[in-house]
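Trainee: My questions all concern the structure below.
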Amino acid sequence: MMTGAATVEATAEFAQAYSAMQFQTLGETGWRISQAGFGCYRVSAGVEPHGNAMLRALASGINLIDTSTNYADGDSERLVGRVLKEMVDGGAMVRQQVVVVSKVGYLQGVNFQLSQERRALGRPFPDLVPYGKGIEHCIHPEFIADQLDRSLDRLQLETLDALLLHNPEYFLGWAQQQDMALEEVRDEFYERIAKAFKYLEELVQEGKIQCYGISSNTFPAKTEDAAFVSLDRVLAIARDISAQHHFRVVQFPMNAYEPGAVVHSNQSDGRSLIDTARHHHLGVLINRPLNAFAGNRLLRLADVEAIDLRSDDEIIAAISAVNKSEAILWRNSLPALGLPTPLYQLIRDQAAVGAHLKHYWRNFGSYDRWRQFKDGILWPRLQGVFDYLGQHAGEDLELKQWIDDHRRKLMDAAAAVESLYVAAADRAAGEVKKTIRKADPDWDIAAAALSQLAIRILRSTSGVPAVLVGRRHESYVKDVMEELQRPASLRRRRRGWQSLSDLLG
């Protein structure tokens with residue numbers, strides 16, 4: 001275990017050592033943090049490039065890490081623990097210089113299995129929200145206690161700097177599905193928040209966490225939204241528990257297409273979410289800076305790498321090569337492993353993507369929908385298959401060769417399909433960059449990539465200490481570091497955000 005926790009003095013020393021970058025103070029914690037944190041939503045201990053990216057980020061001046069108990073089924077926290085311990089043991093940094101944030105609330109994967117086992121034994125987690133197939137939600141103290149112990153073990157930490165309730169509005173969404181009266185639902189919701197806060201204060205006293213907060217996608221929503229979470233009301237709960245409460249951090253989405261935190265006056269006194277957080281000296285962490293939800297669309301705020309358009313025949317041939325390679329796995333490689341029938345079928349189902357590509361390669365509609373399928377479904381499924389087969393290949397050179405060949409065929413087929421959507425996406429990205437540059441003079445950086453502009457509009461806004469950026473590859477780290485070394489003055493910038501809302505919304 002790594003002893004200690006983030007301190008005001010050590011984070012200040014770290015910031016001074018990286019004076020080429022800009023740091024801000026995370027609200028009343030006093031911690032000096034890099035303006036971009038390492039977001040761990042899709043990183044895993046089993047993927048070497050993810051570890052390399054985190055090592056590079058920490059070595060380059062990033063001292064904020066944001067993860068969650070459910071990310072990669074716990075493997076995200078394991079990666080954070082391994083990399084951070086490597087840096088600390090190697091003398092590259094000390095534990096007190098880095099701020100580690102994790103979150104609790106989701107029951108998926110292993111946690112969902114744990115929930116079913118407890119239910120079968122007649123002792124389910126209290127206040128459990130059965131949100132959907134294979135997913136539940138809970139912020140009851142009993143669940144928080146269970147998850148924090150597991151989290152600290154995976155992170156190899158004695159103390160977690162900040163623990164956030166992860167999207168507690170799941171209860172509001174579930175209750176709406178049950179046709180429950182909205183006011184009664186909200187009263188119950190905030191009672192659950194209060195129960196969690198009281199327990200989180202106990203955890204602070206025990207030294208397991210330094211502070212706590214909430215990560216909610218609906219903090220910036222309009223008040224009439226049934227899933228809206230009121231920061232005013234949450235703050236009142238914390239003050240009622242203790243005048244010296246440790247509610248210190250809030251996290252929510254904000255980007256060029258989702259400016260609600262600035263443009264919506266959704267607090268009881270007419271303030272915006274950002275203004276209220278700044279007024280009460282809360283530490284604000286922005287998530288989804290590069291992944292925007294506009295209507296029913298997911299939009300990626302990043303430049304598109306140019307690739308040559310493939311002909312229909314070339315795309316069909318690339319997909320056909322994947323199908324033929326999958327057939328070899330079914331007929332030869334898997335039977336040779338002597339797997340039980342259920343496991344054989346599971347691996348076959350997970351690896352079977354060729355047929356899907358064959359039928360739908362024309363129908364993704366946009367580059368962003370294709371990338372959502374590729375990065376959110378296709379690669380995660382296949383990585384699990386490759387990991388399993390690689391572990392069981394042993395001295396089977398034929399299976400090892402199949403894994404390498406199949407990976408190449410998949411990458412070629414994916415690039416072929418992607419080529420259909422790249423040109424339109426490149427034009428769209430160019431238009432968004434023009435819009436951002438026109439919205440505010442300080443955002444008019446001609447040399448900046450779209451991803452850098454997307455980070456700039458946030459980090460130059462007063463009240464935003466840090467932006468959480470997912471960085472699965474070292475190239476992503478390089479992109480962010482270039483932006484962090486550009487000077488950016490802090491202003492409220494309501495006019496610029498309103499302009500973005502009018503032009504892009």
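Naming scheme: A, B, ... for chains in displayed order of the structure tokens; residues 1 onward per chain; ligands 1 onward as shown.
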What's around region 5-20 of chain A at 9 Å? Count only C-alpha atoms, leave out sequence neighbours fewer than 6 positions away in its own chain, and write the answer as a list of chain:residue names.
Mentor: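 Surrounding residues, per the criterion: A:Thr29, A:Gly30, A:Trp31, A:Arg32, A:Ile33, A:Ser34, A:Ser60, A:Gly61, A:Asn63, A:Met93, A:Val94, A:Arg95, A:Gln96, A:Gln97, A:Val98, A:Val99, A:Val100, A:Leu157, A:Glu158, A:Thr159, A:Leu160, A:Asp161, A:Ile209, A:Gln210, A:Leu484, A:Gln485, A:Arg486.
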Trainee: Near Ala194 (chain A), counting only C-alpha atoms, which residues have an atom at most 9 Å away, once you skip same-chain residues fewer than 2 positions from it, shown as a list in words?
Mentor: Phe189, Tyr190, Glu191, Arg192, Ala196, Phe197, Lys198, Tyr199, Val234, Ile237, Ala238 and Ile241 of chain A
Trainee: Could you find all residues in region 101-133 of chain A that DSSP calls strand (DSSP E or B) from the backbone, and write them as a list in words?
Mentor: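 Residues of region 101-133 of chain A classed as strand (DSSP E or B): Val101, Ser102, Lys103, Val104, Tyr106, Leu107, Val129, Pro130, Tyr131 and Gly132 of chain A.
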Trainee: Skip region 277-288 of chain A itself and residues of its chain fewer than 4 positions away, then list as a PyMOL selection string all residues within 10 Å of it, counting only C-alpha atoms.
Mentor: chain A and resi 24-31+35-37+39+66+213+215-217+231-232+235+247-255+258+261+271-273+292-293+300-301+455+458-459+462-470
Trainee: I'd like to know which of A:Met1, A:Met54, A:Gly295, A:Arg381 is closest to Asp89 (chain A), using only C-alpha atoms.
Mentor: A:Met1
Trainee: Please provide as a ChimeraX atom specification all residues within 9 Å of Arg42 (chain A), with the sequence filter that same-chain residues fewer than 5 positions apart are discarded (counting only C-alpha atoms).
Mentor: /A:50,71-72,76,376,470-472
Trainee: Which one is closest to Val229 (chain A): A:His359, A:Arg371, A:Lys133, A:Arg186? Count only C-alpha atoms.
Mentor: A:Arg186
Trainee: Fewer than 5 positions away in the same chain doesn't count, so skip those; otherwise give me all residues within 10 Å of Asp396 (chain A), counting only C-alpha atoms, as a list of chain:residue names.
Mentor: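 Here the answer would be A:Ser333, A:Ala336, A:Leu337, A:Gly390, A:Gln401.
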